[in-house]
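Note: the block below is final.txt and it holds compact mmCIF, C-alpha atoms and all ligand atoms.
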```txt
# COMPACT_ATOMS: atom_id res chain seq x y z
CA ALA A 1 5.66 -15.14 -44.08
CA ILE A 2 6.53 -13.80 -40.65
CA LYS A 3 9.89 -15.08 -39.41
CA VAL A 4 12.32 -14.79 -36.50
CA GLY A 5 14.00 -11.38 -36.48
CA ASP A 6 11.06 -9.54 -38.07
CA MET A 7 10.06 -6.25 -36.47
CA VAL A 8 6.54 -4.98 -37.01
CA TYR A 9 4.03 -2.50 -35.71
CA ALA A 10 1.02 -4.54 -34.64
CA TRP A 11 -2.42 -3.67 -33.33
CA THR A 12 -5.63 -5.41 -32.35
CA LEU A 13 -8.70 -5.08 -34.55
CA GLU A 14 -11.00 -5.52 -31.57
CA ASP A 15 -12.32 -2.18 -30.24
CA GLN A 16 -12.83 -3.28 -26.65
CA ILE A 17 -9.18 -4.39 -26.34
CA ALA A 18 -7.87 -1.33 -28.23
CA GLN A 19 -9.59 0.99 -25.75
CA LYS A 20 -8.13 -0.63 -22.65
CA ALA A 21 -4.70 -1.58 -24.00
CA GLU A 22 -1.47 0.27 -23.24
CA CYS A 23 -0.37 0.64 -26.87
CA GLY A 24 -1.79 -1.27 -29.84
CA GLY A 25 -3.31 -4.07 -27.78
CA ALA A 26 -1.28 -6.61 -29.75
CA VAL A 27 -0.33 -8.47 -26.55
CA THR A 28 -3.92 -8.97 -25.40
CA GLY A 29 -5.10 -9.63 -28.97
CA LEU A 30 -2.47 -12.35 -29.43
CA LEU A 31 -3.18 -13.91 -26.04
CA LYS A 32 -6.88 -13.99 -26.89
CA TYR A 33 -6.19 -15.57 -30.27
CA ALA A 34 -3.97 -18.25 -28.67
CA LEU A 35 -6.63 -19.09 -26.05
CA THR A 36 -9.61 -19.02 -28.42
CA ASN A 37 -7.85 -21.29 -30.87
CA LYS A 38 -6.66 -23.70 -28.18
CA MET A 39 -2.97 -23.08 -28.81
CA VAL A 40 -2.91 -22.81 -25.00
CA ASP A 41 -5.24 -24.00 -22.21
CA ALA A 42 -4.92 -20.84 -20.12
CA VAL A 43 -3.36 -17.37 -20.01
CA LEU A 44 -1.50 -15.91 -17.06
CA ALA A 45 -1.52 -12.11 -17.11
CA VAL A 46 -1.79 -9.21 -14.69
CA GLN A 47 -4.95 -7.33 -13.84
CA LYS A 48 -5.80 -4.21 -11.86
CA GLY A 49 -7.23 -5.11 -8.44
CA GLN A 50 -8.48 -2.54 -5.88
CA ASP A 51 -6.61 0.36 -7.46
CA ILE A 52 -3.61 1.20 -9.65
CA TYR A 53 -1.20 0.12 -6.88
CA ASP A 54 -2.67 -3.37 -6.77
CA ALA A 55 -1.51 -5.63 -9.60
CA VAL A 56 -3.04 -9.10 -9.43
CA PRO A 57 -1.69 -12.11 -11.34
CA THR A 58 -4.69 -13.76 -12.99
CA VAL A 59 -5.20 -17.08 -14.75
CA VAL A 60 -7.79 -16.73 -17.49
CA THR A 61 -9.46 -19.62 -19.31
CA ASP A 62 -12.38 -17.74 -20.86
CA PRO A 63 -11.15 -15.63 -23.82
CA LYS A 64 -13.88 -13.02 -23.16
CA GLU A 65 -12.23 -12.18 -19.83
CA LEU A 66 -8.85 -11.32 -21.35
CA VAL A 67 -9.80 -7.73 -22.03
CA GLY A 68 -9.66 -7.21 -18.25
CA THR A 69 -5.92 -7.88 -18.32
CA ALA A 70 -5.07 -5.26 -20.99
CA GLY A 71 -2.94 -2.26 -19.97
CA SER A 72 0.39 -1.85 -18.14
CA LEU A 73 0.59 -1.50 -14.36
CA HIS A 74 3.91 0.16 -13.53
CA CYS A 75 3.34 -0.27 -9.79
CA GLY A 76 2.94 -4.01 -10.42
CA THR A 77 6.12 -5.25 -8.79
CA LEU A 78 5.17 -8.90 -8.72
CA LEU A 79 7.16 -11.74 -10.21
CA ILE A 80 5.28 -14.13 -12.42
CA ALA A 81 7.79 -17.02 -12.42
CA LYS A 82 6.70 -18.50 -9.11
CA VAL A 83 3.05 -18.35 -10.16
CA VAL A 84 3.99 -20.29 -13.31
CA GLN A 85 5.81 -22.84 -11.17
CA LYS A 86 2.73 -23.31 -8.96
CA PHE A 87 0.45 -23.56 -12.00
CA GLN A 88 2.63 -26.23 -13.58
CA LYS A 89 2.86 -28.16 -10.33
CA GLY A 90 -0.93 -28.50 -10.32
CA SER A 91 -1.37 -28.82 -14.09
CA PRO A 92 1.87 -30.22 -15.55
CA ASP A 93 0.34 -31.00 -18.95
CA LYS A 94 -1.50 -27.74 -19.54
CA LYS A 95 -0.18 -25.21 -22.01
CA LEU A 96 0.05 -21.71 -20.63
CA ALA A 97 0.59 -18.33 -22.35
CA VAL A 98 2.27 -15.81 -20.04
CA THR A 99 3.07 -12.10 -20.26
CA VAL A 100 6.63 -11.66 -19.00
CA LYS A 101 8.95 -8.78 -18.17
CA GLY A 102 12.71 -9.30 -18.31
CA CYS A 103 12.94 -10.36 -14.65
CA ASP A 104 10.04 -12.81 -15.04
CA LEU A 105 11.80 -14.35 -18.01
CA MET A 106 15.19 -14.53 -16.27
CA ALA A 107 13.62 -16.24 -13.27
CA LEU A 108 11.84 -18.72 -15.56
CA HIS A 109 15.13 -19.60 -17.25
CA GLU A 110 16.86 -20.11 -13.90
CA LEU A 111 13.96 -22.29 -12.73
CA ALA A 112 14.05 -24.26 -15.99
CA LYS A 113 17.76 -24.99 -15.46
CA ARG A 114 16.72 -26.56 -12.13
CA LYS A 115 13.74 -28.41 -13.66
CA GLY A 116 11.43 -26.13 -11.67
CA VAL A 117 9.38 -25.19 -14.75
CA ASN A 118 8.80 -26.78 -18.14
CA LEU A 119 9.42 -24.10 -20.79
CA SER A 120 8.07 -26.25 -23.62
CA ASN A 121 4.53 -25.85 -22.23
CA LEU A 122 4.83 -22.04 -22.16
CA LEU A 123 4.08 -19.44 -24.78
CA LEU A 124 6.04 -16.40 -23.65
CA ILE A 125 4.83 -12.94 -24.67
CA GLY A 126 7.53 -10.56 -23.53
CA VAL A 127 6.96 -6.92 -22.68
CA ASN A 128 9.86 -4.46 -22.72
CA CYS A 129 10.35 -3.06 -19.27
CA GLY A 130 12.04 0.15 -18.18
CA GLY A 131 11.24 -0.63 -14.55
CA THR A 132 8.52 -0.67 -11.93
CA VAL A 133 7.70 1.58 -8.99
CA SER A 134 7.01 0.13 -5.57
CA PRO A 135 3.34 0.72 -4.61
CA VAL A 136 4.36 2.09 -1.19
CA LYS A 137 6.92 4.50 -2.71
CA ALA A 138 4.47 5.45 -5.46
CA ARG A 139 1.89 6.49 -2.89
CA SER A 140 4.31 8.67 -0.93
CA MET A 141 5.82 10.08 -4.15
CA ILE A 142 2.38 11.08 -5.43
CA ARG A 143 1.46 12.65 -2.10
CA ASP A 144 4.76 14.46 -1.42
CA VAL A 145 6.14 15.29 -4.86
CA TYR A 146 3.03 15.50 -7.03
CA GLN A 147 1.01 16.97 -4.13
CA VAL A 148 -1.93 14.79 -5.10
CA ASP A 149 -3.96 12.41 -2.93
CA PRO A 150 -2.81 8.95 -4.14
CA ASN A 151 -6.34 7.59 -3.66
CA THR A 152 -7.69 9.92 -6.35
CA VAL A 153 -5.30 8.64 -9.04
CA HIS A 154 -7.10 6.39 -11.50
CA LYS A 155 -4.41 5.96 -14.16
CA GLU A 156 -0.63 6.11 -14.43
CA GLU A 157 1.69 5.75 -17.38
CA ILE A 158 5.35 6.11 -18.24
CA ASP A 159 5.85 8.11 -21.41
CA LYS A 160 8.94 9.86 -22.81
CA GLY A 161 10.81 9.43 -19.55
CA GLN A 162 8.02 10.84 -17.39
CA PHE A 163 5.85 9.16 -14.76
CA ILE A 164 2.43 10.58 -15.51
CA ILE A 165 -0.64 10.38 -13.31
CA GLU A 166 -4.27 11.05 -14.10
CA TYR A 167 -6.42 11.98 -11.12
CA GLU A 168 -9.69 13.65 -10.29
CA GLY A 169 -9.06 17.13 -11.51
CA GLY A 170 -6.22 16.71 -14.01
CA HIS A 171 -2.95 15.08 -14.90
CA LYS A 172 0.67 15.66 -13.97
CA GLY A 173 3.97 14.30 -15.28
CA ILE A 174 7.44 14.50 -13.73
CA SER A 175 10.63 13.16 -15.28
CA ILE A 176 11.83 9.90 -13.79
CA ASP A 177 15.41 11.25 -13.60
CA GLU A 178 14.19 14.10 -11.43
CA LEU A 179 12.14 11.75 -9.24
CA GLU A 180 15.11 9.42 -8.80
CA GLU A 181 17.43 12.25 -7.87
CA SER A 182 15.11 13.03 -4.98
CA GLY A 183 14.93 9.40 -3.81
CA TYR A 184 11.70 8.35 -5.56
CA GLY A 185 11.04 6.71 -8.91
CA ARG A 186 11.80 3.12 -9.90
CA ARG A 187 12.78 0.34 -7.53
CA SER A 188 16.53 0.17 -7.07
CA ASN A 189 16.80 -3.32 -8.60
CA CYS A 190 14.93 -2.08 -11.71
CA ARG A 191 17.38 0.83 -12.03
CA ARG A 192 20.25 -1.67 -12.16
CA CYS A 193 18.49 -4.01 -14.63
CA LEU A 194 20.11 -4.43 -18.05
CA TYR A 195 17.43 -6.65 -19.58
CA LYS A 196 15.03 -4.22 -21.21
CA VAL A 197 13.86 -6.07 -24.33
CA PRO A 198 13.02 -9.71 -23.48
CA ARG A 199 14.36 -11.35 -26.64
CA GLU A 200 14.40 -14.81 -25.09
CA ALA A 201 10.60 -14.77 -25.05
CA ASP A 202 8.66 -15.85 -28.16
CA LEU A 203 7.75 -12.24 -28.97
CA ALA A 204 9.17 -9.02 -27.49
CA CYS A 205 6.53 -6.26 -27.37
CA GLY A 206 6.85 -2.62 -26.41
CA ASN A 207 6.26 0.99 -27.30
CA TRP A 208 9.81 2.14 -28.01
CA GLY A 209 10.25 2.82 -31.73
CA VAL A 210 6.61 3.31 -32.68
CA ILE A 211 6.63 6.62 -34.54
CA GLY A 212 4.53 8.53 -37.07
CA ASP A 213 0.78 8.10 -37.25
CA LYS A 214 0.99 4.79 -35.38
CA ALA A 215 2.61 6.35 -32.29
CA GLY A 216 0.60 5.32 -29.23
CA LYS A 217 -1.72 3.20 -31.39
CA ALA A 218 0.50 0.23 -32.25
CA THR A 219 2.73 -2.17 -30.38
CA PHE A 220 6.32 -2.70 -31.54
CA VAL A 221 6.72 -6.47 -31.90
CA GLU A 222 10.05 -8.21 -32.43
CA VAL A 223 9.66 -11.86 -33.45
CA CYS A 224 12.06 -13.93 -31.35
CA SER A 225 11.14 -17.59 -31.99
CA ASP A 226 9.34 -19.84 -34.47
CA LYS A 227 6.54 -20.23 -31.91
CA GLY A 228 6.16 -16.45 -31.80
CA ALA A 229 6.25 -16.18 -35.61
CA ASP A 230 3.58 -18.88 -35.90
CA LEU A 231 1.26 -17.14 -33.41
CA LEU A 232 1.60 -13.73 -35.05
CA GLN A 233 1.19 -15.15 -38.55
CA LYS A 234 -1.99 -17.06 -37.63
CA ALA A 235 -3.49 -14.09 -35.73
CA VAL A 236 -2.88 -11.80 -38.73
CA LYS A 237 -4.32 -14.36 -41.15
CA SER A 238 -7.47 -14.77 -39.10
CA GLY A 239 -8.02 -10.99 -39.05
CA VAL A 240 -7.68 -10.24 -35.32
CA ILE A 241 -4.29 -8.49 -35.54
CA ALA A 242 -3.02 -6.10 -38.21
CA THR A 243 0.66 -5.38 -38.87
CA THR A 244 2.86 -3.14 -40.92
CA PRO A 245 6.67 -3.31 -41.12
CA ALA A 246 8.33 -1.17 -38.44
CA ASP A 247 9.60 2.18 -39.70
CA PRO A 248 13.41 1.92 -40.11
CA LYS A 249 13.73 5.24 -38.26
CA GLY A 250 11.64 3.76 -35.45
CA ILE A 251 13.93 0.71 -35.29
CA GLU A 252 16.91 3.07 -34.93
CA ILE A 253 15.19 5.06 -32.19
CA ARG A 254 14.28 1.87 -30.30
CA LYS A 255 17.90 0.72 -30.49
CA LYS A 256 19.11 4.07 -29.16
CA VAL A 257 16.61 4.13 -26.29
CA GLU A 258 17.45 0.55 -25.35
CA GLY A 259 21.18 1.42 -25.42
CA ALA A 260 20.62 4.50 -23.29
CA MET A 261 18.59 2.51 -20.75
CA ILE A 262 21.31 -0.16 -20.52
CA LYS A 263 23.92 2.55 -19.97
CA LEU A 264 21.74 4.04 -17.25
CA GLY A 265 21.48 0.59 -15.63
CA GLN A 266 25.26 0.29 -15.69
CA LYS A 267 25.57 3.74 -14.13
CA TRP A 268 23.26 2.71 -11.28
CA ARG A 269 25.23 -0.52 -10.76
CA LYS A 270 28.43 1.47 -10.50
CA LYS A 271 26.87 3.95 -8.09
CA ASP A 272 25.16 1.34 -5.89
CA PHE A 273 28.01 -1.17 -5.85
CA THR A 274 30.82 1.33 -5.23
CA ALA A 275 28.88 2.75 -2.31
CA LEU A 276 29.13 -0.70 -0.73
CA ARG A 277 32.88 -0.94 -1.21
CA SER A 278 33.97 1.22 1.71
CA ASP A 279 32.51 -0.98 4.44
CA LEU A 280 30.67 -3.97 3.03
CA TRP A 281 30.70 -6.18 6.10
CA ASN A 282 29.50 -3.50 8.53
CA THR A 283 26.85 -2.30 6.05
CA ILE A 284 25.42 -5.81 5.76
CA ALA A 285 25.65 -6.39 9.52
CA ASP A 286 24.02 -3.05 10.26
CA GLU A 287 21.17 -3.33 7.74
CA THR A 288 20.35 -6.96 8.57
CA SER A 289 20.27 -6.16 12.29
CA ARG A 290 16.63 -5.14 11.69
CA CYS A 291 15.75 -8.66 10.52
CA ILE A 292 12.76 -10.21 12.30
CA LYS A 293 13.31 -13.61 10.67
CA CYS A 294 9.94 -13.64 8.95
CA TYR A 295 11.52 -15.68 6.11
CA SER A 296 9.71 -13.65 3.46
CA CYS A 297 12.98 -13.24 1.51
CA ILE A 298 13.34 -17.02 1.30
CA GLU A 299 9.70 -17.73 0.54
CA ASN A 300 9.44 -15.14 -2.22
CA CYS A 301 12.76 -15.78 -3.95
CA PRO A 302 12.14 -17.49 -7.28
CA VAL A 303 15.42 -19.36 -7.21
CA CYS A 304 15.88 -20.18 -3.53
CA MET A 305 14.33 -23.55 -2.96
CA PRO A 306 14.16 -24.27 0.75
CA VAL A 307 14.37 -28.02 1.01
CA ALA A 308 15.20 -30.06 4.07
CA GLY A 309 18.91 -30.60 4.32
CA ASN A 310 20.27 -27.79 2.15
CA GLY A 311 20.44 -25.34 5.02
CA THR A 312 17.82 -22.86 3.83
CA GLU A 313 14.76 -24.48 5.38
CA THR A 314 13.24 -22.36 8.13
CA LYS A 315 14.20 -24.85 10.85
CA SER A 316 17.85 -25.08 9.86
CA LEU A 317 20.13 -26.43 12.57
CA MET A 318 22.54 -23.63 11.69
CA VAL A 319 20.03 -20.93 12.69
CA GLU A 320 19.46 -20.33 16.37
CA GLN A 321 15.72 -20.53 17.06
CA GLY A 322 14.02 -17.70 18.94
CA ALA A 323 16.96 -15.28 18.64
CA LEU A 324 16.56 -11.84 17.12
CA PRO A 325 18.17 -10.41 15.15
CA PRO A 326 19.83 -13.43 13.61
CA SER A 327 23.58 -13.37 13.13
CA PRO A 328 24.50 -11.55 9.88
CA MET A 329 25.72 -14.97 8.72
CA PHE A 330 22.04 -15.97 8.36
CA HIS A 331 21.84 -13.56 5.42
CA MET A 332 25.38 -14.19 4.19
CA ARG A 333 24.48 -17.88 3.86
CA ARG A 334 21.37 -17.00 1.91
CA PHE A 335 23.35 -14.73 -0.45
CA ALA A 336 25.85 -17.53 -0.99
CA HIS A 337 23.06 -20.04 -1.53
CA ILE A 338 21.44 -18.02 -4.33
CA SER A 339 24.61 -16.46 -5.71
CA ASP A 340 24.63 -18.80 -8.71
CA SER A 341 21.19 -17.75 -9.79
CA CYS A 342 19.98 -14.43 -8.30
CA VAL A 343 18.29 -12.60 -11.19
CA ASN A 344 17.88 -9.28 -9.36
CA CYS A 345 14.09 -9.52 -9.45
CA GLY A 346 14.04 -7.55 -6.18
CA GLN A 347 11.30 -9.61 -4.49
CA CYS A 348 13.39 -10.19 -1.33
CA GLU A 349 13.77 -6.44 -0.86
CA GLU A 350 10.29 -5.47 -2.05
CA LEU A 351 8.60 -7.83 0.39
CA CYS A 352 10.99 -7.39 3.32
CA ALA A 353 8.98 -6.27 6.32
CA MET A 354 11.97 -4.29 7.62
CA ASP A 355 13.05 -2.63 4.34
CA ILE A 356 16.47 -4.27 4.32
CA PRO A 357 18.18 -3.68 0.93
CA LEU A 358 18.60 -7.42 0.37
CA ALA A 359 18.46 -7.31 -3.43
CA LEU A 360 21.29 -4.81 -3.48
CA PHE A 361 23.59 -7.16 -1.54
CA SER A 362 22.78 -10.30 -3.48
CA HIS A 363 22.86 -8.49 -6.82
CA ALA A 364 26.26 -6.98 -6.05
CA ILE A 365 27.63 -10.43 -5.23
CA ARG A 366 26.02 -12.15 -8.21
CA SER A 367 26.94 -9.47 -10.79
CA GLU A 368 30.60 -9.87 -10.03
CA ALA A 369 30.42 -13.61 -10.57
CA ASP A 370 28.38 -13.14 -13.73
CA LEU A 371 31.34 -11.53 -15.45
CA ALA A 372 33.12 -14.88 -15.41
CA PHE A 373 30.38 -17.44 -16.00
CA GLU A 374 28.30 -18.74 -18.90
CA PRO A 375 25.39 -18.92 -19.39
CA LYS A 376 24.74 -15.45 -18.09
CA LEU A 377 22.37 -14.76 -15.25
CA GLY A 378 18.82 -15.58 -16.29
CA ARG A 379 19.69 -16.54 -19.83
CA PRO A 380 18.90 -19.95 -21.34
CA ASP A 381 21.49 -22.70 -21.13
CA TYR A 382 21.91 -23.56 -24.81
CA SER A 383 24.26 -26.44 -23.96
CA ASN A 384 21.29 -28.57 -22.82
P1 LIG B 1 -1.69 -4.79 -23.72
O1 LIG B 1 -2.56 -5.46 -24.75
O2 LIG B 1 -2.22 -3.60 -23.02
O3 LIG B 1 -1.24 -5.89 -22.68
C1 LIG B 1 -0.37 -5.59 -21.63
C2 LIG B 1 0.04 -6.87 -20.96
O4 LIG B 1 0.96 -6.58 -19.91
C3 LIG B 1 -1.13 -7.60 -20.35
O5 LIG B 1 -1.01 -8.97 -20.63
C4 LIG B 1 -0.95 -7.32 -18.85
O6 LIG B 1 -1.51 -8.32 -18.07
C5 LIG B 1 0.55 -7.26 -18.72
N1 LIG B 1 1.01 -6.49 -17.56
C6 LIG B 1 0.54 -5.32 -17.09
N2 LIG B 1 1.25 -4.93 -16.02
C7 LIG B 1 2.17 -5.88 -15.79
C8 LIG B 1 3.20 -6.04 -14.82
N3 LIG B 1 3.43 -5.11 -13.89
N4 LIG B 1 3.96 -7.14 -14.88
C9 LIG B 1 3.76 -8.09 -15.84
N5 LIG B 1 2.81 -7.97 -16.80
C10 LIG B 1 2.04 -6.88 -16.78
N6 LIG B 1 7.67 -0.84 -23.26
C11 LIG B 1 8.68 -0.12 -23.75
O7 LIG B 1 8.84 -0.08 -24.98
N7 LIG B 1 9.51 0.59 -22.92
C12 LIG B 1 9.37 0.57 -21.57
O8 LIG B 1 10.15 1.21 -20.84
C13 LIG B 1 8.35 -0.22 -21.00
N8 LIG B 1 8.20 -0.34 -19.65
C14 LIG B 1 7.23 -1.16 -19.15
C15 LIG B 1 7.13 -1.34 -17.77
C16 LIG B 1 6.17 -2.20 -17.22
C17 LIG B 1 6.09 -2.40 -15.74
C18 LIG B 1 5.28 -2.89 -18.08
C19 LIG B 1 4.23 -3.83 -17.53
C20 LIG B 1 5.37 -2.71 -19.46
C21 LIG B 1 6.34 -1.85 -20.00
N9 LIG B 1 6.49 -1.69 -21.38
C22 LIG B 1 7.50 -0.92 -21.91
C23 LIG B 1 5.59 -2.41 -22.31
C24 LIG B 1 4.39 -1.57 -22.73
O9 LIG B 1 3.88 -0.84 -21.64
C25 LIG B 1 3.27 -2.49 -23.24
O10 LIG B 1 3.01 -3.52 -22.30
C26 LIG B 1 3.64 -3.14 -24.55
O11 LIG B 1 3.97 -2.18 -25.50
C27 LIG B 1 2.46 -3.96 -25.09
O12 LIG B 1 1.43 -3.08 -25.43
P2 LIG B 1 0.01 -3.66 -25.76
O13 LIG B 1 -0.96 -2.55 -25.96
O14 LIG B 1 0.17 -4.66 -26.88
O15 LIG B 1 -0.30 -4.43 -24.41
```
Here is the file; what I need is its structure written in the form of structure tokens.
Ligand code: FAD
Amino acid sequence: AIKVGDMVYAWTLEDQIAQKAECGGAVTGLLKYALTNKMVDAVLAVQKGQDIYDAVPTVVTDPKELVGTAGSLHCGTLLIAKVVQKFQKGSPDKKLAVTVKGCDLMALHELAKRKGVNLSNLLLIGVNCGGTVSPVKARSMIRDVYQVDPNTVHKEEIDKGQFIIEYEGGHKGISIDELEESGYGRRSNCRRCLYKVPREADLACGNWGVIGDKAGKATFVEVCSDKGADLLQKAVKSGVIATTPADPKGIEIRKKVEGAMIKLGQKWRKKDFTALRSDLWNTIADETSRCIKCYSCIENCPVCMPVAGNGTETKSLMVEQGALPPSPMFHMRRFAHISDSCVNCGQCEELCAMDIPLALFSHAIRSEADLAFEPKLGRPDYSN
């Protein structure tokens, strides 16, 4: 029997999914099994929209449509937690399966602590995540560094530390380290992320550690909960998913890669946070002086809940109306307001119309506090 802690190579036995999937198609195969067999009422996953820079969160209720959500979109910088919150607001009793990256999962846990989502109605299929690339940066990186028209790129992937593009006329890969040294590559909040394998989901799925003849053709699945074990077991029994125990060498490699990625995240934290040390106040004042008070940072934050009376609503008495830029205290108050729960998802910075490095400031503040508090940022509160 499959149990918590098991690590397997898994793959779909459905050709259509296998062709479109990123690795073994286990994620899409499992989601399809859960929906077909009414373990859930709907699936929330991510689908390619206009092009590879356009990742669209999609709620699927017809199992046949799930194949459209297979594959990884590395320029998909969205956060799924708020979509889950909206879904549950409209359908509080429906069971939902969701594909989650580390930041999605952390935001869900923070929302659950505030009764903003009901985790018991969720089936969480985690995907390992080494980071995402902003669609705007990706376009300029492909044009300037790869010397390729970004509109001709029809596929991208991250493999063995390279960001690889396929375009009309060929393919090209450049190491992410090299891209990041020249100011491109992953979003800065992703560089600082230390949550690479989402073990607080029901299953944690990825490609690290798949070696031998299954390399590229299977998904590495770590079973993280009884719910996850039950889903995998039933899907295998019904013949839609096949598994084999993970190669012990592969498990070692996965551990090493995860460790190296966490170390890299710590290196970026050190670099980014020490750079702030010399003149924190003036840096914040200077950067936020571009603010046009569009309130996108508040609206898109998964953990900032603007409610009348708590000072974060857009018509706060503490914010002078019609004045631009706002006093730097406008942002300082917001950082303070979310400092108990900022999960470094980066949405505030990603969606800032004026490119203010907001995630950097709030992450720097929150990370310091996180050293002293339990439960850690974005992790479940087991005391409940
Ligand atoms: P599939 O059956 O192809 O299903 C993929 C699932 O991911 C689908 O449900 C799809 O909707 C969802 N998805 C696609 N893009 C996004 C997105 N941007 N945000 C949220 N969900 C999305 N694995 C590693 O081992 N190491 C890594 O460094 C790593 N980095 C990743 C970075 C990103 C941005 C993503 C999305 C995934 C990453 N993965 C990584 C996981 C890996 O790419 C596969 O998703 C995983 O191995 C499952 O493979 P599969 O064939 O079973 O998935």
Nearest to ligand LIG 1 (chain B) by atom-to-atom distance, counting only C-alpha atoms and all ligand atoms, from A:Glu258, A:Asp272, A:Asp149, A:Asp41 = A:Glu258
When distances are computed from only C-alpha atoms and all ligand atoms, which of A:Val145, A:Ala1, A:Ala81, A:Leu122 shows the smallest separation from ligand LIG 1 (chain B)?
-> A:Ala81
Would you mind listing what lies within 9 Å of Leu105 (chain A) as a ChimeraX atom specification, with all atoms listed in the file counted and same-chain residues fewer than 6 positions away left out?
-> /A:80-81,124,126,198,200-201,378-379
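Of the listed residues (A:Arg143, A:His154, A:His363, A:Lys32), A:Lys32 comes nearest to ligand LIG 1 (chain B); the distances count only C-alpha atoms and all ligand atoms.
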Got a sec to check which residues lie within 7 Å of ligand LIG 1 (chain B), using only C-alpha atoms and all ligand atoms, and send them as a PyMOL selection string?
-> chain A and resi 17+20-29+45-47+55+69-78+99-101+127-132+205-208+219-220
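If you look at CA of Ala242 (chain A) and CA of Ala10 (chain A), they are 5.6 Å away from each other.
Computed from the coordinates, the CA of Asn189 (chain A) to CA of Arg366 (chain A) distance equals 12.8 Å.
Between CA of Leu264 (chain A) and CA of Lys172 (chain A) there is a distance of 24.3 Å.
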Axis-aligned box over every listed atom of region 100-119 of chain A, padded by 5 Å per side: centre and edges in Å to one decimal, as lines of an AutoDock Vina configuration file?
```
center_x = 12.2
center_y = -18.6
center_z = -16.2
size_x = 21.1
size_y = 29.6
size_z = 19.1
```
